[in-house]
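Visitor: Coordinates in run-v4.pdb, PDB, C-alpha atoms, are listed below.
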```pdb
ATOM      1  CA  MET A 601      -8.110  28.384 -35.233
ATOM      2  CA  LEU A 602     -10.744  31.064 -35.955
ATOM      3  CA  GLU A 603      -8.493  33.701 -34.430
ATOM      4  CA  PHE A 604      -5.684  32.709 -36.851
ATOM      5  CA  LEU A 605      -8.018  32.959 -39.894
ATOM      6  CA  LYS A 606      -8.982  36.492 -38.820
ATOM      7  CA  SER A 607      -5.387  37.588 -38.194
ATOM      8  CA  THR A 608      -3.340  40.006 -40.350
ATOM      9  CA  LYS A 609      -0.707  37.319 -40.964
ATOM     10  CA  PHE A 610      -3.270  35.042 -42.574
ATOM     11  CA  LYS A 611      -4.559  37.867 -44.799
ATOM     12  CA  ILE A 612      -1.023  38.623 -45.997
ATOM     13  CA  PHE A 613      -0.509  34.924 -46.650
ATOM     14  CA  VAL A 614      -3.674  34.833 -48.846
ATOM     15  CA  ILE A 615      -2.536  37.891 -50.801
ATOM     16  CA  VAL A 616       0.844  36.267 -51.457
ATOM     17  CA  ILE A 617      -0.785  33.044 -52.653
ATOM     18  CA  CYS A 618      -3.094  35.026 -55.007
ATOM     19  CA  ALA A 619      -0.117  36.922 -56.388
ATOM     20  CA  VAL A 620       1.738  33.651 -56.979
ATOM     21  CA  MET A 621      -1.232  32.187 -58.808
ATOM     22  CA  LEU A 622      -1.620  35.342 -60.955
ATOM     23  CA  GLY A 623       2.070  35.261 -61.801
ATOM     24  CA  SER A 624       1.859  31.614 -62.822
ATOM     25  CA  VAL A 625      -1.034  32.394 -65.219
ATOM     26  CA  ILE A 626       0.857  35.287 -66.837
ATOM     27  CA  ALA A 627       4.027  33.179 -67.121
ATOM     28  CA  VAL A 628       2.130  30.423 -68.976
ATOM     29  CA  ALA A 629       0.430  32.936 -71.290
ATOM     30  CA  THR A 630       3.769  34.504 -72.289
ATOM     31  CA  VAL A 631       5.994  31.414 -72.302
ATOM     32  CA  ASN A 632       6.741  31.689 -76.045
ATOM     33  CA  SER A 633       7.272  35.469 -75.957
ATOM     34  CA  SER A 634      10.513  37.265 -75.324
ATOM     35  CA  SER A 635       9.164  40.776 -75.121
ATOM     36  CA  PRO A 636      10.424  43.222 -72.470
ATOM     37  CA  VAL A 637       7.092  42.916 -70.706
ATOM     38  CA  THR A 638       7.434  39.118 -70.511
ATOM     39  CA  SER A 639      10.959  39.383 -69.159
ATOM     40  CA  ALA A 640       9.816  41.905 -66.566
ATOM     41  CA  VAL A 641       6.984  39.637 -65.469
ATOM     42  CA  GLY A 642       9.421  36.736 -65.157
ATOM     43  CA  VAL A 643      11.759  38.795 -63.039
ATOM     44  CA  VAL A 644       8.943  39.919 -60.748
ATOM     45  CA  PHE A 645       7.247  36.562 -60.287
ATOM     46  CA  LYS A 646      10.201  34.141 -60.214
ATOM     47  CA  PRO A 647      10.859  34.765 -56.493
ATOM     48  CA  LEU A 648       7.169  34.352 -55.862
ATOM     49  CA  GLN A 649       7.182  30.998 -57.625
ATOM     50  CA  LYS A 650      10.062  29.866 -55.393
ATOM     51  CA  LEU A 651       8.105  31.110 -52.383
ATOM     52  CA  SER A 652       5.086  29.139 -53.594
ATOM     53  CA  GLY A 653       7.136  25.955 -53.780
ATOM     54  CA  PHE A 654       8.592  26.562 -50.329
ATOM     55  CA  VAL A 655       5.150  27.199 -48.852
ATOM     56  CA  SER A 656       3.798  24.049 -50.520
ATOM     57  CA  GLU A 657       6.615  21.939 -49.043
ATOM     58  CA  LYS A 658       5.995  23.371 -45.568
ATOM     59  CA  LEU A 659       2.275  22.701 -45.826
ATOM     60  CA  ASP A 660       2.984  19.082 -46.823
ATOM     61  CA  TRP A 661       5.393  18.750 -43.857
ATOM     62  CA  LEU A 662       2.828  20.279 -41.506
ATOM     63  CA  SER A 663       0.156  17.827 -42.686
ATOM     64  CA  ALA A 664       2.533  14.881 -42.190
ATOM     65  CA  SER A 665       3.389  16.194 -38.714
ATOM     66  CA  PHE A 666      -0.299  16.218 -37.749
ATOM     67  CA  GLU A 667      -0.614  12.632 -38.963
ATOM     68  CA  SER A 668       2.531  11.623 -37.020
ATOM     69  CA  ALA A 669       1.265  13.341 -33.874
ATOM     70  CA  GLY A 670      -1.936  11.298 -34.068
ATOM     71  CA  ALA A 671       0.097   8.110 -34.491
ATOM     72  CA  TYR A 672       2.326   9.033 -31.527
ATOM     73  CA  LYS A 673      -0.745   9.706 -29.382
ATOM     74  CA  ASP A 674      -2.198   6.285 -30.244
ATOM     75  CA  GLU A 675       1.135   4.620 -29.448
ATOM     76  CA  ILE A 676       1.403   6.440 -26.103
ATOM     77  CA  GLU A 677      -2.104   5.313 -25.173
ATOM     78  CA  ARG A 678      -1.233   1.720 -26.118
ATOM     79  CA  LEU A 679       1.943   1.813 -24.017
ATOM     80  CA  ASN A 680       0.078   3.313 -21.046
ATOM     81  CA  GLN A 681      -2.405   0.441 -21.236
ATOM     82  CA  LYS A 682       0.483  -2.035 -21.246
ATOM     83  CA  ILE A 683       2.046  -0.317 -18.221
ATOM     84  CA  ALA A 684      -1.280  -0.496 -16.357
ATOM     85  CA  GLU A 685      -1.539  -4.209 -17.174
ATOM     86  CA  TYR A 686       1.993  -4.882 -15.900
ATOM     87  CA  GLU A 687       1.355  -2.867 -12.729
ATOM     88  CA  ASN A 688      -1.790  -4.926 -12.058
ATOM     89  CA  ARG A 689       0.178  -8.126 -12.546
ATOM     90  CA  ILE A 690       2.897  -6.919 -10.169
ATOM     91  CA  ALA A 691       0.249  -6.055  -7.558
ATOM     92  CA  GLU A 692      -1.404  -9.455  -7.989
ATOM     93  CA  ASN A 693       1.943 -11.238  -7.690
ATOM     94  CA  GLY A 694       2.756  -9.237  -4.552
ATOM     95  CA  GLU A 695      -0.591 -10.171  -3.020
ATOM     96  CA  LEU A 696      -0.054 -13.838  -3.926
ATOM     97  CA  GLU A 697       3.457 -13.788  -2.456
ATOM     98  CA  HIS A 698       2.115 -12.277   0.759
ATOM     99  CA  LYS A 699      -0.581 -14.967   1.020
ATOM    100  CA  VAL A 700       2.004 -17.702   0.457
ATOM    101  CA  LYS A 701       4.179 -16.309   3.252
ATOM    102  CA  THR A 702       1.136 -16.067   5.529
ATOM    103  CA  TYR A 703       0.148 -19.675   4.979
ATOM    104  CA  GLU A 704       3.746 -20.828   5.333
ATOM    105  CA  ALA A 705       3.739 -19.163   8.751
ATOM    106  CA  MET A 706       0.462 -20.906   9.583
ATOM    107  CA  LEU A 707       1.890 -24.285   8.561
ATOM    108  CA  GLY A 708       4.919 -23.601  10.742
ATOM    109  CA  VAL A 709       2.673 -22.923  13.739
ATOM    110  CA  LYS A 710       0.604 -26.030  12.989
ATOM    111  CA  GLU A 711       3.724 -28.192  12.839
ATOM    112  CA  LEU A 712       4.711 -27.008  16.317
ATOM    113  CA  ASN A 713       1.147 -27.094  17.671
ATOM    114  CA  GLU A 714      -0.896 -29.841  16.047
ATOM    115  CA  ASP A 715      -3.792 -29.207  18.418
ATOM    116  CA  PHE A 716      -4.369 -25.640  17.158
ATOM    117  CA  VAL A 717      -7.459 -24.909  15.083
ATOM    118  CA  LEU A 718      -6.681 -21.735  13.158
ATOM    119  CA  GLU A 719      -8.882 -19.269  11.299
ATOM    120  CA  SER A 720      -7.172 -16.871   8.883
ATOM    121  CA  CYS A 721      -8.458 -13.266   9.100
ATOM    122  CA  ASN A 722      -7.710  -9.943   7.464
ATOM    123  CA  ILE A 723      -7.421  -6.751   9.489
ATOM    124  CA  ILE A 724     -10.047  -4.361   8.138
ATOM    125  CA  GLY A 725      -9.723  -1.447  10.549
ATOM    126  CA  ALA A 726      -9.368  -0.162  14.079
ATOM    127  CA  ASP A 727     -12.050   0.263  16.709
ATOM    128  CA  SER A 728     -12.831   4.000  16.696
ATOM    129  CA  MET A 729     -14.304   3.720  20.195
ATOM    130  CA  ASP A 730     -11.069   2.325  21.631
ATOM    131  CA  LEU A 731      -8.034   4.551  22.155
ATOM    132  CA  PHE A 732      -5.837   1.610  23.128
ATOM    133  CA  SER A 733      -5.057  -0.219  19.886
ATOM    134  CA  SER A 734      -7.944  -2.552  19.217
ATOM    135  CA  ILE A 735      -8.230  -3.958  15.702
ATOM    136  CA  ILE A 736     -11.169  -5.275  13.676
ATOM    137  CA  LEU A 737     -11.015  -8.580  11.775
ATOM    138  CA  ASP A 738     -13.144  -9.606   8.815
ATOM    139  CA  LYS A 739     -14.543 -12.782  10.407
ATOM    140  CA  GLY A 740     -16.734 -13.511  13.414
ATOM    141  CA  SER A 741     -19.120 -16.040  14.898
ATOM    142  CA  ASP A 742     -20.036 -17.348  11.424
ATOM    143  CA  SER A 743     -16.449 -18.639  11.294
ATOM    144  CA  ASP A 744     -16.596 -20.196  14.815
ATOM    145  CA  ILE A 745     -14.754 -17.276  16.427
ATOM    146  CA  THR A 746     -15.838 -16.641  20.018
ATOM    147  CA  LEU A 747     -14.949 -14.378  22.931
ATOM    148  CA  ASN A 748     -11.463 -14.763  24.410
ATOM    149  CA  ASP A 749     -10.033 -16.596  21.414
ATOM    150  CA  PRO A 750      -6.315 -15.749  21.216
ATOM    151  CA  VAL A 751      -5.028 -13.985  18.091
ATOM    152  CA  ILE A 752      -1.534 -14.567  16.710
ATOM    153  CA  SER A 753       0.774 -13.622  13.837
ATOM    154  CA  GLY A 754       3.088 -16.544  13.216
ATOM    155  CA  ASN A 755       4.058 -17.717  16.686
ATOM    156  CA  TYR A 756       3.682 -14.224  18.193
ATOM    157  CA  VAL A 757       0.838 -12.961  20.362
ATOM    158  CA  VAL A 758      -1.283 -10.153  18.887
ATOM    159  CA  GLY A 759      -4.132 -10.066  21.413
ATOM    160  CA  ILE A 760      -7.469 -11.606  22.298
ATOM    161  CA  VAL A 761     -10.996 -11.415  20.855
ATOM    162  CA  LYS A 762     -13.200  -9.153  22.993
ATOM    163  CA  LYS A 763     -16.244  -8.470  20.780
ATOM    164  CA  VAL A 764     -17.844 -10.886  18.331
ATOM    165  CA  HIS A 765     -20.384 -10.287  15.569
ATOM    166  CA  PRO A 766     -21.479 -12.705  12.832
ATOM    167  CA  THR A 767     -19.114 -11.373  10.173
ATOM    168  CA  PHE A 768     -16.441  -9.501  12.134
ATOM    169  CA  CYS A 769     -14.815  -9.284  15.553
ATOM    170  CA  VAL A 770     -12.812  -6.814  17.651
ATOM    171  CA  VAL A 771      -9.427  -7.786  19.063
ATOM    172  CA  GLU A 772      -7.896  -6.246  22.164
ATOM    173  CA  THR A 773      -4.179  -6.088  21.398
ATOM    174  CA  LEU A 774      -1.124  -6.264  23.647
ATOM    175  CA  LEU A 775      -1.064  -2.467  23.760
ATOM    176  CA  ASN A 776      -4.409  -2.214  25.549
ATOM    177  CA  PRO A 777      -3.983  -1.362  29.273
ATOM    178  CA  ASP A 778      -6.739  -3.876  30.069
ATOM    179  CA  THR A 779      -4.501  -6.679  28.793
ATOM    180  CA  LYS A 780      -3.260  -9.148  31.360
ATOM    181  CA  ILE A 781      -1.446 -12.280  30.178
ATOM    182  CA  SER A 782       0.214 -14.888  32.388
ATOM    183  CA  ALA A 783       3.776 -15.144  31.084
ATOM    184  CA  LEU A 784       7.270 -16.386  31.863
ATOM    185  CA  GLU A 785      10.829 -15.662  30.807
ATOM    186  CA  SER A 786      12.041 -18.520  28.622
ATOM    187  CA  LYS A 787      15.467 -18.882  30.269
ATOM    188  CA  SER A 788      14.899 -18.204  33.964
ATOM    189  CA  ARG A 789      11.306 -19.590  33.839
ATOM    190  CA  GLU A 790      10.214 -16.804  36.179
ATOM    191  CA  ILE A 791       6.438 -16.317  36.030
ATOM    192  CA  ALA A 792       4.780 -12.897  36.034
ATOM    193  CA  TYR A 793       2.114 -11.204  33.950
ATOM    194  CA  VAL A 794       2.155  -8.917  30.914
ATOM    195  CA  THR A 795       0.190  -5.688  30.902
ATOM    196  CA  THR A 796       0.835  -2.078  29.889
ATOM    197  CA  THR A 797      -0.024   1.510  30.766
ATOM    198  CA  LEU A 798      -1.186   4.435  28.653
ATOM    199  CA  GLU A 799       2.351   5.853  28.691
ATOM    200  CA  TYR A 800       4.005   2.628  27.556
ATOM    201  CA  SER A 801       1.184   1.807  25.145
ATOM    202  CA  GLN A 802       1.829   5.047  23.287
ATOM    203  CA  LYS A 803       5.478   3.998  23.011
ATOM    204  CA  GLY A 804       4.437   0.621  21.595
ATOM    205  CA  SER A 805       5.702  -1.278  24.650
ATOM    206  CA  CYS A 806       4.335  -3.691  27.271
ATOM    207  CA  LEU A 807       5.345  -4.423  30.845
ATOM    208  CA  LEU A 808       6.211  -7.647  32.620
ATOM    209  CA  SER A 809       5.024  -6.780  36.106
ATOM    210  CA  GLY A 810       5.169  -8.517  39.472
ATOM    211  CA  LEU A 811       8.859  -9.453  39.421
ATOM    212  CA  SER A 812      10.870  -9.651  42.622
ATOM    213  CA  ARG A 813      13.739  -7.257  43.266
ATOM    214  CA  THR A 814      16.083 -10.241  42.997
ATOM    215  CA  SER A 815      14.749 -11.266  39.567
ATOM    216  CA  SER A 816      17.367 -12.735  37.228
ATOM    217  CA  ILE A 817      15.576 -11.471  34.127
ATOM    218  CA  THR A 818      17.844  -9.284  31.994
ATOM    219  CA  PRO A 819      17.524  -7.339  28.717
ATOM    220  CA  GLY A 820      17.328  -9.673  25.752
ATOM    221  CA  GLY A 821      15.194 -12.241  27.577
ATOM    222  CA  ILE A 822      12.310 -13.778  25.609
ATOM    223  CA  ILE A 823       8.875 -13.575  27.210
ATOM    224  CA  VAL A 824       6.347 -16.290  26.312
ATOM    225  CA  THR A 825       2.863 -17.251  27.438
ATOM    226  CA  SER A 826       2.824 -19.536  30.464
ATOM    227  CA  GLY A 827      -0.452 -21.305  29.632
ATOM    228  CA  ILE A 828      -1.843 -20.545  33.087
ATOM    229  CA  GLY A 829      -5.502 -19.561  32.944
ATOM    230  CA  ALA A 830      -6.220 -21.561  29.775
ATOM    231  CA  THR A 831      -6.769 -18.366  27.763
ATOM    232  CA  TYR A 832      -3.548 -18.512  25.781
ATOM    233  CA  PRO A 833      -1.764 -21.746  24.874
ATOM    234  CA  LYS A 834       1.680 -22.156  26.413
ATOM    235  CA  GLY A 835       4.802 -21.046  24.546
ATOM    236  CA  LEU A 836       3.544 -18.250  22.298
ATOM    237  CA  ILE A 837       6.104 -15.441  22.034
ATOM    238  CA  ILE A 838       5.029 -12.117  23.507
ATOM    239  CA  GLY A 839       8.208 -10.120  23.038
ATOM    240  CA  THR A 840      11.745  -9.304  24.149
ATOM    241  CA  VAL A 841      12.913  -7.575  27.349
ATOM    242  CA  SER A 842      14.479  -4.185  26.602
ATOM    243  CA  GLU A 843      15.098  -3.028  30.198
ATOM    244  CA  VAL A 844      14.441  -3.968  33.830
ATOM    245  CA  ASN A 845      13.498  -1.351  36.461
ATOM    246  CA  GLU A 846      12.563  -1.246  40.134
ATOM    247  CA  SER A 847       9.013  -0.236  40.940
ATOM    248  CA  PRO A 848       8.715   3.159  42.676
ATOM    249  CA  TYR A 849       5.641   1.949  44.589
ATOM    250  CA  ASP A 850       6.761  -1.299  46.255
ATOM    251  CA  LEU A 851       9.597  -3.790  46.521
ATOM    252  CA  SER A 852       8.907  -5.379  43.149
ATOM    253  CA  SER A 853      10.482  -4.722  39.768
ATOM    254  CA  TYR A 854       9.220  -4.802  36.216
ATOM    255  CA  ALA A 855      10.582  -5.371  32.739
ATOM    256  CA  VAL A 856       9.805  -3.333  29.637
ATOM    257  CA  ILE A 857       8.908  -5.582  26.696
ATOM    258  CA  GLU A 858       9.051  -4.830  23.008
ATOM    259  CA  PRO A 859       6.277  -6.880  21.334
ATOM    260  CA  GLY A 860       7.346  -9.506  18.827
ATOM    261  CA  VAL A 861       5.113  -8.021  16.130
ATOM    262  CA  ASP A 862       4.705  -4.467  14.884
ATOM    263  CA  LEU A 863       0.954  -4.046  15.204
ATOM    264  CA  SER A 864       0.936  -1.050  12.856
ATOM    265  CA  GLN A 865       2.304  -3.196  10.019
ATOM    266  CA  LEU A 866      -0.004  -6.199  10.338
ATOM    267  CA  GLU A 867      -2.383  -6.994   7.474
ATOM    268  CA  ASP A 868      -3.635 -10.425   8.492
ATOM    269  CA  VAL A 869      -3.598 -12.674  11.549
ATOM    270  CA  PHE A 870      -4.800 -16.072  12.762
ATOM    271  CA  VAL A 871      -7.404 -16.641  15.428
ATOM    272  CA  ILE A 872      -6.911 -19.812  17.474
ATOM    273  CA  THR A 873     -10.480 -21.049  17.719
ATOM    274  CA  ASP A 874      -9.495 -24.174  19.659
ATOM    275  CA  PHE A 875      -6.434 -25.714  21.323
ATOM    276  CA  ALA A 876      -5.749 -28.429  23.873
ATOM    277  CA  GLY A 877      -6.568 -27.216  27.373
ATOM    278  CA  GLN A 878      -8.534 -24.171  26.278
ATOM    279  CA  GLY A 879     -10.935 -22.991  28.953
ATOM    280  CA  VAL A 880     -14.711 -22.892  28.671
ATOM    281  CA  LYS A 881     -15.617 -20.265  26.087
ATOM    282  CA  SER A 882     -17.952 -17.408  26.868
ATOM    283  CA  SER A 883     -21.010 -16.794  24.716
ATOM    284  CA  GLN A 884     -21.396 -13.396  23.013
TER     285      GLN A 884
END
```
Now, as a test, write the supplied structure out as structure tokens.
Guide:
Amino acid sequence: MLEFLKSTKFKIFVIVICAVMLGSVIAVATVNSSSPVTSAVGVVFKPLQKLSGFVSEKLDWLSASFESAGAYKDEIERLNQKIAEYENRIAENGELEHKVKTYEAMLGVKELNEDFVLESCNIIGADSMDLFSSIILDKGSDSDITLNDPVISGNYVVGIVKKVHPTFCVVETLLNPDTKISALESKSREIAYVTTTLEYSQKGSCLLSGLSRTSSITPGGIIVTSGIGATYPKGLIIGTVSEVNESPYDLSSYAVIEPGVDLSQLEDVFVITDFAGQGVKSSQ
């Protein structure tokens, strides 16, 4: 603004305004005279009077524009606040919908397994000390969670509790090479065990190992927990067979399993803190 006031354009503008004002004074003083001087003054200053009116109109328009701009700014701020409120409501509704679906899944599991005692948990991170897909839950021994409690999402196996603290616990998932779950194929009822290797873990897959070369298991077969060992209850879904291969080391074969849950997409799970036939729990 200061730069404009100091500019040549502004100085010219002031000179023009002064000339207009001077012309107006002279015109008033000679309004009743018809002398040649009066006529000459009228001729000279009439265009300046028109210019004065034009400038006045533009200044009024400019002032109104500033007022309108302020009003538009206030309206934009009000609308932005409304948008933020609606976005918060949408987020809250999405969170509520997710919780409803989670508890519907829990009720479904409870209907099929009345003996299950379930504890709902949120996934709050991954174990930085574990390269093999361990996850951290927001509840621990204060919520009656103990070592070797199985962890599920719906009726699907996620893993097993391996570290317990008062307010959180660490879960060893299906993609950890230390995993070993007694399992069977739901159709053939063949029993084997589920584990994985670093190579398959990085692909997001597990292995059903210990099958005979004459195994009738084929791609598409559903692998579930057998209940042997009393660590996992019987009938939880582990995943689906994607391929069956012969072992290069012995006369056995193995099946590649795609887990029933995408561990990278999980937000919450259920810990089974008790079920019929569960083995003696270890203390922390």
Visitor: I would like the residues chosen by the PyMOL selection byres ((chain A and resi 759-762) around 8) on the shown file; could you give them as a ChimeraX atom specification?
Guide: /A:746-752,757-758,763-764,769-774
Visitor: Nearest to Ile724 in chain A: which of A:Phe768, A:Gly829, A:Ile838, A:Gly860 is it, counting only C-alpha atoms?
Guide: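 Answer, going by the shortest atom-to-atom distance: A:Phe768.
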Visitor: Applying the PyMOL selection byres ((chain A and resi 853-855) around 6) to the file I just gave you, which residues come out? Please list them as a list in words.
Guide: Leu807, Leu808, Ser809, Leu811, Ser812, Arg813, Glu843, Val844, Asn845, Glu846, Ser847, Ser852 and Val856 of chain A
Visitor: Using Å and a single decimal, report how far CA of Pro833 in chain A sits from CA of Tyr793 in chain A.
Guide: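 According to the coordinates, CA of Tyr793 in chain A and CA of Pro833 in chain A are separated by 14.4 Å.
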Visitor: CA of Cys806 in chain A and CA of Ala792 in chain A, how far apart in Å?
Guide: 12.7 Å
Visitor: Applied to this file, what does the PyMOL selection byres ((chain A and resi 824) around 8) return in terms of residues, put as a count of residues only?
Guide: 14
Visitor: With all atoms listed in the file as the basis for distance, which of A:Val869, A:Leu679, A:Ile781, A:Ile735 is at the shortest distance from Ser753 in chain A?
Guide: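 Result for the nearest residue to Ser753 in chain A: A:Val869.
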